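Step one of this worksheet: look at the structure below.
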Amino acid sequence: MPKMRKKSDLPTKTCAACGLPFTWRKKWARDWENVRYCSDRCRSGKVSQKAG
């Protein structure tokens, strides 16, 4: 059985759309260098900015 890792040990990036940090996910393992957005919502560009 593989050794478990803490979430804090995983690599992180900053989302190009919302600017929030996000952590590596297993589904991004093959393409981590090209991942720029934290979610499909940010990737589609439909993130609304809060007025305030």
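Numbering starts fresh at 1 for the residues of each chain in the structure tokens, the chains themselves are lettered A, B, ... in the order given, and ligands are numbered from 1 as they appear.
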**Request:** Enumerate, as number ranges by chain, the complete set of residues in chain A that a backbone-based DSSP assignment places in helix (DSSP H, G or I).
**Result:** A: 7-9, 26-34, 40-44
**Request:** Excluding Thr14 of chain A and any residue of its chain fewer than 6 positions from it, enumerate the residues within 8 Å of it, using only C-alpha atoms, and give them as a list in words.
**Result:**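 Selected residues are Leu20, Pro21, Phe22, Arg36, Tyr37 and Cys38 of chain A.
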Residue subset to file, keeping N, CA, C and O atoms, as a PDB file, in the first residue's frame:
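Result saved to part.pdb:
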ATOM      1  N   LEU A  20      -6.592  32.523  -6.214  1.00  0.00           N
ATOM      2  CA  LEU A  20      -6.515  31.731  -4.991  1.00  0.00           C
ATOM      3  C   LEU A  20      -5.581  30.539  -5.186  1.00  0.00           C
ATOM      4  O   LEU A  20      -5.468  30.001  -6.283  1.00  0.00           O
ATOM      5  N   PRO A  21      -4.908  30.115  -4.121  1.00  0.00           N
ATOM      6  CA  PRO A  21      -4.032  28.948  -4.234  1.00  0.00           C
ATOM      7  C   PRO A  21      -4.846  27.660  -4.326  1.00  0.00           C
ATOM      8  O   PRO A  21      -5.923  27.554  -3.743  1.00  0.00           O
ATOM      9  N   PHE A  22      -4.335  26.691  -5.087  1.00  0.00           N
ATOM     10  CA  PHE A  22      -4.965  25.376  -5.151  1.00  0.00           C
ATOM     11  C   PHE A  22      -3.880  24.317  -5.123  1.00  0.00           C
ATOM     12  O   PHE A  22      -2.735  24.566  -5.463  1.00  0.00           O
ATOM     13  N   ARG A  36      -3.603  25.602 -15.041  1.00  0.00           N
ATOM     14  CA  ARG A  36      -3.553  27.025 -14.696  1.00  0.00           C
ATOM     15  C   ARG A  36      -4.717  27.476 -13.833  1.00  0.00           C
ATOM     16  O   ARG A  36      -4.651  28.515 -13.203  1.00  0.00           O
ATOM     17  N   TYR A  37      -5.809  26.714 -13.868  1.00  0.00           N
ATOM     18  CA  TYR A  37      -7.030  27.134 -13.182  1.00  0.00           C
ATOM     19  C   TYR A  37      -7.424  26.118 -12.117  1.00  0.00           C
ATOM     20  O   TYR A  37      -7.223  24.921 -12.286  1.00  0.00           O
ATOM     21  N   CYS A  38      -8.065  26.595 -11.060  1.00  0.00           N
ATOM     22  CA  CYS A  38      -8.443  25.730  -9.942  1.00  0.00           C
ATOM     23  C   CYS A  38      -9.717  24.945 -10.216  1.00  0.00           C
ATOM     24  O   CYS A  38      -9.964  23.939  -9.559  1.00  0.00           O
TER      25      CYS A  38
END
**Message:** When you look at Ala17 of chain A with a cut-off of 10 Å (counting only C-alpha atoms), what residues show up, excluding the ones that are within fewer than 6 positions of it in the same chain? I need them as a PyMOL selection string.
**Reply:** chain A and resi 36-39+41-47
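All residues of protein, DNA or RNA that reach within 10 Å of segment 25-34 of chain A, judged by only C-alpha atoms and not counting those fewer than 3 positions away in the chain, are Lys7, Leu10, Pro11, Thr12, Lys13, Phe22 and Tyr37 of chain A.
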